$ cat work-v3.txt   # compact mmCIF, C-alpha atoms and all ligand atoms
# COMPACT_ATOMS: atom_id res chain seq x y z
CA MET A 1 0.00 0.00 0.00
CA LEU A 2 1.49 3.26 -1.14
CA VAL A 3 1.65 5.97 1.52
CA THR A 4 2.52 9.60 0.79
CA LYS A 5 3.84 11.84 3.55
CA PRO A 6 3.86 15.51 2.55
CA THR A 7 7.22 17.17 3.10
CA ASN A 8 5.85 20.67 3.59
CA ALA A 9 2.86 22.83 2.78
CA ALA A 10 3.68 23.88 -0.76
CA LEU A 11 4.94 20.73 -2.43
CA GLY A 12 6.68 17.39 -2.10
CA ALA A 13 5.90 14.03 -0.53
CA VAL A 14 7.96 11.08 0.59
CA VAL A 15 6.44 7.90 -0.82
CA GLU A 16 6.59 4.77 1.33
CA GLY A 17 5.29 1.24 0.91
CA VAL A 18 6.50 0.79 -2.64
CA ASP A 19 9.52 -1.08 -3.94
CA LEU A 20 10.66 0.44 -7.22
CA THR A 21 13.66 -1.85 -7.60
CA GLU A 22 11.81 -4.81 -9.12
CA GLY A 23 9.68 -2.69 -11.43
CA ILE A 24 6.06 -1.72 -10.75
CA ASP A 25 2.70 -2.66 -12.28
CA SER A 26 0.43 -0.18 -14.06
CA GLU A 27 -1.84 0.17 -11.02
CA THR A 28 1.06 1.25 -8.81
CA PHE A 29 2.23 3.57 -11.56
CA GLU A 30 -1.21 5.23 -11.64
CA GLU A 31 -1.02 5.79 -7.88
CA ILE A 32 2.45 7.30 -8.21
CA ASN A 33 1.36 9.50 -11.09
CA LEU A 34 -1.67 10.77 -9.14
CA ALA A 35 0.59 11.49 -6.17
CA LEU A 36 2.96 13.38 -8.48
CA LEU A 37 0.11 15.51 -9.84
CA LYS A 38 -0.91 16.36 -6.29
CA HIS A 39 2.50 16.88 -4.67
CA GLU A 40 4.54 17.97 -7.76
CA VAL A 41 7.70 16.21 -6.57
CA LEU A 42 8.01 12.76 -5.00
CA PHE A 43 10.85 11.24 -2.99
CA PHE A 44 11.64 7.59 -2.35
CA HIS A 45 14.36 6.17 -0.12
CA ASN A 46 16.31 2.89 -0.24
CA GLN A 47 15.70 2.19 -3.90
CA PRO A 48 18.91 0.75 -5.38
CA MET A 49 17.33 0.82 -8.81
CA LYS A 50 19.15 -0.92 -11.65
CA PRO A 51 19.43 1.01 -14.93
CA GLU A 52 16.93 -1.25 -16.72
CA VAL A 53 14.35 -0.69 -13.96
CA HIS A 54 15.01 3.06 -14.00
CA ALA A 55 14.42 2.99 -17.77
CA GLN A 56 11.18 0.96 -17.41
CA LEU A 57 9.82 3.41 -14.83
CA ALA A 58 10.61 6.38 -17.10
CA ASN A 59 8.86 4.68 -20.03
CA MET A 60 5.65 4.52 -17.98
CA PHE A 61 5.61 8.33 -17.86
CA GLY A 62 6.43 8.87 -21.51
CA GLU A 63 9.17 9.00 -24.10
CA PRO A 64 12.63 9.41 -22.54
CA GLN A 65 15.16 11.81 -23.98
CA TYR A 66 18.34 10.29 -25.38
CA HIS A 67 21.59 12.20 -24.91
CA GLU A 68 24.26 10.28 -26.83
CA ALA A 69 26.71 13.15 -26.47
CA TYR A 70 26.54 13.31 -22.65
CA PRO A 71 28.09 10.86 -20.20
CA HIS A 72 25.57 8.06 -19.74
CA VAL A 73 25.26 4.63 -18.19
CA ASP A 74 26.73 1.99 -20.51
CA GLY A 75 24.03 0.70 -22.82
CA PHE A 76 21.48 3.28 -21.63
CA SER A 77 21.92 6.56 -23.49
CA GLN A 78 18.74 7.85 -21.81
CA ILE A 79 20.40 7.65 -18.35
CA THR A 80 22.58 10.74 -18.04
CA VAL A 81 25.32 10.54 -15.41
CA LEU A 82 25.91 13.72 -13.39
CA GLU A 83 29.11 13.14 -11.48
CA ASN A 84 31.33 15.44 -9.46
CA ASP A 85 34.44 14.73 -7.44
CA LYS A 86 37.68 16.45 -6.58
CA ASP A 87 38.86 16.53 -10.21
CA ASN A 88 35.49 17.57 -11.55
CA PRO A 89 34.01 20.40 -9.45
CA SER A 90 30.28 20.97 -9.32
CA LYS A 91 29.02 24.17 -10.94
CA ILE A 92 26.84 26.73 -9.26
CA GLU A 93 23.37 26.45 -10.71
CA GLN A 94 20.54 28.88 -10.33
CA TRP A 95 16.84 28.20 -9.96
CA HIS A 96 15.26 26.86 -13.13
CA THR A 97 12.68 24.72 -14.82
CA ASP A 98 14.50 22.27 -17.11
CA MET A 99 14.94 23.16 -20.77
CA THR A 100 12.24 25.79 -21.13
CA PHE A 101 14.24 26.94 -24.18
CA ARG A 102 12.55 24.08 -26.04
CA PRO A 103 9.10 24.42 -27.68
CA CYS A 104 8.13 21.34 -25.63
CA PRO A 105 10.05 21.37 -22.34
CA PRO A 106 10.36 18.05 -20.46
CA LEU A 107 7.44 16.56 -18.53
CA GLY A 108 9.80 15.76 -15.70
CA SER A 109 12.78 13.75 -14.58
CA ILE A 110 13.54 10.69 -12.48
CA LEU A 111 16.77 11.27 -10.59
CA HIS A 112 18.58 8.47 -8.77
CA GLY A 113 21.08 9.50 -6.11
CA ALA A 114 23.59 6.70 -6.67
CA ILE A 115 26.53 8.00 -4.63
CA MET A 116 25.82 10.86 -2.25
CA PRO A 117 28.28 12.96 -0.25
CA GLU A 118 28.47 12.61 3.55
CA THR A 119 27.33 16.19 3.90
CA GLY A 120 25.45 18.65 1.71
CA GLY A 121 24.40 18.14 -1.89
CA ASP A 122 20.68 18.76 -1.28
CA THR A 123 18.28 19.76 -4.03
CA MET A 124 15.71 22.53 -3.56
CA PHE A 125 12.32 22.38 -5.26
CA ALA A 126 9.77 25.18 -5.57
CA SER A 127 6.07 24.89 -6.37
CA MET A 128 5.02 27.12 -9.23
CA SER A 129 1.33 26.49 -8.47
CA ALA A 130 1.90 27.83 -4.95
CA ALA A 131 3.82 30.76 -6.46
CA PHE A 132 0.87 31.50 -8.77
CA ASP A 133 -1.66 31.14 -5.95
CA GLY A 134 0.41 33.56 -3.85
CA LEU A 135 -0.05 36.42 -6.32
CA SER A 136 -2.82 39.00 -5.93
CA GLU A 137 -5.90 38.64 -8.13
CA PRO A 138 -5.06 41.77 -10.21
CA MET A 139 -1.51 40.46 -10.79
CA LYS A 140 -2.82 37.01 -11.79
CA ALA A 141 -5.22 38.66 -14.23
CA PHE A 142 -2.45 40.84 -15.67
CA LEU A 143 -0.02 37.92 -16.16
CA ASP A 144 -2.58 35.51 -17.60
CA GLY A 145 -2.39 35.90 -21.37
CA LEU A 146 1.14 37.30 -21.39
CA THR A 147 3.89 35.46 -23.23
CA ALA A 148 7.57 35.20 -22.28
CA ILE A 149 10.66 34.55 -24.36
CA HIS A 150 13.00 31.73 -23.28
CA ASP A 151 16.49 31.46 -24.74
CA PHE A 152 19.06 28.66 -24.67
CA SER A 153 21.92 31.06 -25.43
CA PHE A 154 21.01 33.18 -22.40
CA GLY A 155 20.89 30.17 -20.07
CA PHE A 156 24.21 28.86 -21.33
CA LYS A 157 25.96 32.24 -21.61
CA GLU A 158 28.71 31.21 -19.16
CA SER A 159 29.40 27.97 -21.04
CA LEU A 160 29.39 29.90 -24.33
CA ALA A 161 31.95 32.35 -22.90
CA GLU A 162 34.36 29.56 -21.91
CA PRO A 163 37.31 28.91 -24.23
CA GLY A 164 35.98 26.81 -27.11
CA GLY A 165 32.43 27.15 -25.76
CA LYS A 166 30.98 28.74 -28.90
CA ALA A 167 32.29 25.95 -31.11
CA ARG A 168 31.25 23.22 -28.69
CA LEU A 169 27.70 24.54 -28.40
CA ALA A 170 27.28 25.80 -31.98
CA GLU A 171 24.87 23.01 -32.89
CA MET A 172 22.76 23.52 -29.75
CA VAL A 173 22.57 27.27 -30.41
CA ARG A 174 21.54 26.64 -34.02
CA ASP A 175 18.92 24.04 -33.04
CA ASN A 176 17.47 26.11 -30.18
CA PRO A 177 16.40 29.59 -31.28
CA PRO A 178 14.42 31.59 -28.67
CA VAL A 179 10.90 30.25 -28.00
CA GLU A 180 7.74 31.72 -26.50
CA HIS A 181 5.71 30.25 -23.63
CA PRO A 182 2.74 31.56 -21.63
CA VAL A 183 3.78 33.27 -18.40
CA ILE A 184 1.01 31.35 -16.63
CA ARG A 185 0.88 27.73 -17.64
CA THR A 186 -2.03 25.36 -17.12
CA HIS A 187 -0.96 21.85 -16.12
CA PRO A 188 -2.27 19.51 -18.84
CA LEU A 189 -3.43 16.83 -16.36
CA SER A 190 -4.17 18.48 -13.02
CA GLY A 191 -5.49 21.74 -14.51
CA LYS A 192 -3.51 23.68 -11.87
CA LYS A 193 -2.13 27.03 -12.96
CA GLY A 194 1.54 27.68 -12.43
CA LEU A 195 4.00 30.50 -12.91
CA PHE A 196 6.17 29.52 -15.89
CA VAL A 197 9.13 31.89 -15.98
CA ASN A 198 12.59 31.12 -14.60
CA SER A 199 15.71 33.20 -14.17
CA LEU A 200 17.95 30.80 -16.11
CA PHE A 201 16.16 30.88 -19.46
CA THR A 202 13.46 33.58 -19.45
CA VAL A 203 14.77 36.78 -21.02
CA ALA A 204 11.74 39.00 -21.60
CA ILE A 205 7.99 39.34 -21.53
CA LYS A 206 6.56 40.07 -24.95
CA GLY A 207 4.76 43.33 -25.55
CA LEU A 208 6.15 45.10 -22.49
CA LYS A 209 8.77 47.83 -22.61
CA GLU A 210 12.24 46.56 -21.79
CA LYS A 211 12.30 48.19 -18.34
CA GLU A 212 8.77 46.95 -17.52
CA SER A 213 9.73 43.45 -18.54
CA ARG A 214 12.97 43.53 -16.51
CA VAL A 215 11.31 44.78 -13.33
CA LEU A 216 8.39 42.36 -13.61
CA LEU A 217 10.62 39.35 -14.32
CA ASP A 218 12.94 40.22 -11.44
CA PHE A 219 9.93 40.42 -9.14
CA LEU A 220 8.53 37.08 -10.41
CA PHE A 221 11.90 35.27 -10.12
CA GLU A 222 12.21 36.36 -6.50
CA HIS A 223 8.55 35.74 -5.72
CA ALA A 224 8.66 32.21 -7.17
CA VAL A 225 11.33 30.82 -4.88
CA GLN A 226 10.52 32.38 -1.53
CA ASP A 227 10.68 30.08 1.49
CA GLU A 228 7.01 29.15 1.71
CA TYR A 229 7.03 27.68 -1.83
CA VAL A 230 10.29 25.73 -1.40
CA TYR A 231 11.28 22.34 -0.02
CA GLN A 232 14.95 21.37 0.36
CA PHE A 233 15.45 17.62 -0.07
CA SER A 234 18.36 15.81 1.63
CA TRP A 235 19.47 12.82 -0.36
CA GLN A 236 20.63 9.46 0.96
CA ASN A 237 22.36 6.83 -1.12
CA ASP A 238 19.70 5.34 -3.41
CA SER A 239 17.08 8.02 -2.90
CA ILE A 240 14.94 8.73 -5.95
CA ALA A 241 13.29 12.03 -6.81
CA ILE A 242 10.62 12.37 -9.47
CA TRP A 243 9.69 15.96 -10.27
CA ASP A 244 6.99 17.40 -12.46
CA ASN A 245 8.87 19.92 -14.58
CA ARG A 246 5.59 21.44 -15.78
CA ILE A 247 4.86 23.03 -12.41
CA THR A 248 8.11 23.25 -10.41
CA GLN A 249 11.54 24.82 -10.38
CA HIS A 250 14.63 23.30 -8.78
CA LYS A 251 18.12 24.26 -7.73
CA PRO A 252 20.96 21.97 -6.65
CA VAL A 253 22.82 23.20 -3.57
CA ASN A 254 26.49 23.40 -4.49
CA ASP A 255 27.99 22.89 -1.04
CA TYR A 256 29.55 19.41 -1.05
CA TRP A 257 32.60 19.67 -3.33
CA PRO A 258 35.23 18.12 -3.30
CA GLN A 259 33.20 15.15 -2.05
CA HIS A 260 32.00 12.60 -4.58
CA ARG A 261 28.42 12.76 -5.83
CA ARG A 262 26.94 10.67 -8.62
CA MET A 263 23.40 11.09 -9.89
CA GLN A 264 21.71 9.17 -12.68
CA ARG A 265 18.89 10.95 -14.46
CA ILE A 266 16.27 10.17 -17.05
CA THR A 267 14.34 13.10 -18.50
CA ILE A 268 10.94 12.52 -20.08
CA ASP A 269 9.56 14.41 -23.07
CA GLY A 270 6.76 16.88 -22.46
CA ASP A 271 4.06 18.84 -24.30
CA ALA A 272 3.85 22.39 -25.56
CA PRO A 273 2.80 24.63 -22.64
CA PHE A 274 -0.60 26.36 -22.83
FE FE B 1 17.72 21.02 -13.83

$ encode --input "work-v3.txt" --output "structure tokens" --more "lines below"
Ligand SMILES: [Fe+2]
Amino acid sequence: MLVTKPTNAALGAVVEGVDLTEGIDSETFEEINLALLKHEVLFFHNQPMKPEVHAQLANMFGEPQYHEAYPHVDGFSQITVLENDKDNPSKIEQWHTDMTFRPCPPLGSILHGAIMPETGGDTMFASMSAAFDGLSEPMKAFLDGLTAIHDFSFGFKESLAEPGGKARLAEMVRDNPPVEHPVIRTHPLSGKKGLFVNSLFTVAIKGLKEKESRVLLDFLFEHAVQDEYVYQFSWQNDSIAIWDNRITQHKPVNDYWPQHRRMQRITIDGDAPF
């Protein structure tokens, strides 16, 4: 029997009473998916999930993304390996929703904490439905119907500025021209409304003057990740996090280097926001 224990008021639940390691049936998947729609991010502990089981679970949510060019688990190009140790420092990352520079940003990700540091290395998640709900009615009405521009080149400006960065990322830049998304997104399954701008990729709000857009975005970025909308998850070895990228933001806490941390991630394709 699957039990969900909410982690805090805005979002998140720890799921107990389910063993993911042997694969799950469609009934259990439905329960997990319903819990995800409600809580927006789910956590599981003690799940030493093998790559093939990780892949099967992802397939139940949708089509996984394949990243041949990134480090991945042998034989599983959909399982990206995110690994940091003393020779490979972790980078500071800011709050974001994954890949909103795409016309169809991911539905979500399933992240397996394979090797976790003794201390630190948490991940913060913020509820964009709570952030929307926390706005005044006139502000909600003003934002609803507005469109924002999201840009890969803006999000990766530091990587592009590195030596050889332009050449390395030339194909990504070419394949990812700026895209437009609604500022307020409706979740396709739950119907919840969520704030859908993030400081990593959102560069402007269409139709506003530059200064208006800047001030409004800066307000929204700060508003979106205030304490009452955020939960900070502490990983153990073999914890799993599943987040709904359609209605959350996240930020890894970069406080564990030079300790070793290895995460294995599958990202699932999503729909065009509306
Ligand atoms: Fe991310």

$ residues_around --input "work-v3.txt" --residues "Ala170 in chain A" --least-positions-apart "6" --cutoff "12 Å" --atoms "all atoms listed in the file" --output "compact mmCIF listing (two decimals) with C-alpha atoms, keeping the file's coordinate frame"
# COMPACT_ATOMS: atom_id res chain seq x y z
CA PHE A 152 19.06 28.66 -24.67
CA SER A 153 21.92 31.06 -25.43
CA PHE A 156 24.21 28.86 -21.33
CA SER A 159 29.40 27.97 -21.04
CA LEU A 160 29.39 29.90 -24.33
CA GLY A 164 35.98 26.81 -27.11
CA ASN A 176 17.47 26.11 -30.18
CA PRO A 177 16.40 29.59 -31.28

$ residues_near_ligand --input "work-v3.txt" --ligand "ligand FE 1 (chain B)" --cutoff "8 Å" --atoms "all atoms listed in the file" --output "number ranges by chain"
A: 96-99, 250-252

$ closest_residue --input "work-v3.txt" --among "A:Glu118, A:Glu162, A:Glu210, A:Asp151" --to "Ser234 in chain A" --atoms "all atoms listed in the file"
A:Glu118

$ closest_atom_pairs --input "work-v3.txt" --of "range 137-190 of chain A" --to "range 122-133 of chain A" --cutoff "10 Å" --atoms "all atoms listed in the file" --output "Markdown table"
| residue | atom | partner | partner_atom | distance |
| --- | --- | --- | --- | --- |
| A:Glu137 | CA | A:Asp133 | CA | 8.9 |
| A:Met139 | CA | A:Phe132 | CA | 9.5 |
| A:Lys140 | CA | A:Phe132 | CA | 7.3 |
| A:Leu143 | CA | A:Phe132 | CA | 9.8 |
| A:Ile184 | CA | A:Phe132 | CA | 7.9 |
| A:Arg185 | CA | A:Ser129 | CA | 9.3 |
| A:Thr186 | CA | A:Ser129 | CA | 9.3 |
| A:His187 | CA | A:Ser129 | CA | 9.2 |

$ atom_distance --input "work-v3.txt" --atom1 "CA of Gln232 in chain A" --atom2 "CA of Phe43 in chain A"
11.4 Å

$ closest_residue --input "work-v3.txt" --among "A:Leu36, A:Leu107, A:Val197, A:Ile24" --to "Gly270 in chain A" --atoms "all atoms listed in the file"
A:Leu107

$ residues_around --input "work-v3.txt" --residues "Glu31 in chain A" --least-positions-apart "6" --cutoff "10 Å" --atoms "only C-alpha atoms" --output "ChimeraX atom specification"
/A:1-3,37

$ build_atoms --input "work-v3.txt" --residues "range 250-268 of chain A" --atoms "N, CA and C atoms" --output "compact mmCIF listing (two decimals), in the frame of the given file"
# COMPACT_ATOMS: atom_id res chain seq x y z
N HIS A 250 13.71 23.94 -9.71
CA HIS A 250 14.63 23.30 -8.78
C HIS A 250 15.99 23.97 -8.84
N LYS A 251 16.77 23.70 -7.81
CA LYS A 251 18.12 24.26 -7.73
C LYS A 251 18.97 23.32 -6.88
N PRO A 252 20.04 22.80 -7.44
CA PRO A 252 20.96 21.97 -6.65
C PRO A 252 21.78 22.88 -5.72
N VAL A 253 22.01 22.41 -4.50
CA VAL A 253 22.82 23.20 -3.57
C VAL A 253 24.28 22.76 -3.72
N ASN A 254 25.10 23.71 -4.12
CA ASN A 254 26.49 23.40 -4.49
C ASN A 254 27.40 23.58 -3.27
N ASP A 255 27.27 22.69 -2.30
CA ASP A 255 27.99 22.89 -1.04
C ASP A 255 28.75 21.64 -0.59
N TYR A 256 28.98 20.70 -1.48
CA TYR A 256 29.55 19.41 -1.05
C TYR A 256 30.94 19.14 -1.62
N TRP A 257 31.30 19.88 -2.70
CA TRP A 257 32.60 19.67 -3.33
C TRP A 257 33.71 19.90 -2.31
N PRO A 258 34.81 19.11 -2.29
CA PRO A 258 35.23 18.12 -3.30
C PRO A 258 34.75 16.67 -3.04
N GLN A 259 33.69 16.51 -2.26
CA GLN A 259 33.20 15.15 -2.05
C GLN A 259 32.64 14.59 -3.37
N HIS A 260 32.49 13.29 -3.39
CA HIS A 260 32.00 12.60 -4.58
C HIS A 260 30.47 12.54 -4.57
N ARG A 261 29.88 12.86 -5.70
CA ARG A 261 28.42 12.76 -5.83
C ARG A 261 28.12 12.26 -7.23
N ARG A 262 27.32 11.21 -7.31
CA ARG A 262 26.94 10.67 -8.62
C ARG A 262 25.42 10.51 -8.68
N MET A 263 24.84 11.17 -9.67
CA MET A 263 23.40 11.09 -9.89
C MET A 263 23.16 10.47 -11.27
N GLN A 264 22.09 9.72 -11.38
CA GLN A 264 21.71 9.17 -12.68
C GLN A 264 20.28 9.64 -13.00
N ARG A 265 20.15 10.24 -14.16
CA ARG A 265 18.89 10.95 -14.46
C ARG A 265 18.30 10.52 -15.80
N ILE A 266 17.00 10.31 -15.79
CA ILE A 266 16.27 10.17 -17.05
C ILE A 266 15.27 11.31 -17.14
N THR A 267 15.26 11.99 -18.27
CA THR A 267 14.34 13.10 -18.50
C THR A 267 13.30 12.65 -19.53
N ILE A 268 12.04 13.00 -19.26
CA ILE A 268 10.94 12.52 -20.08
C ILE A 268 10.36 13.67 -20.90
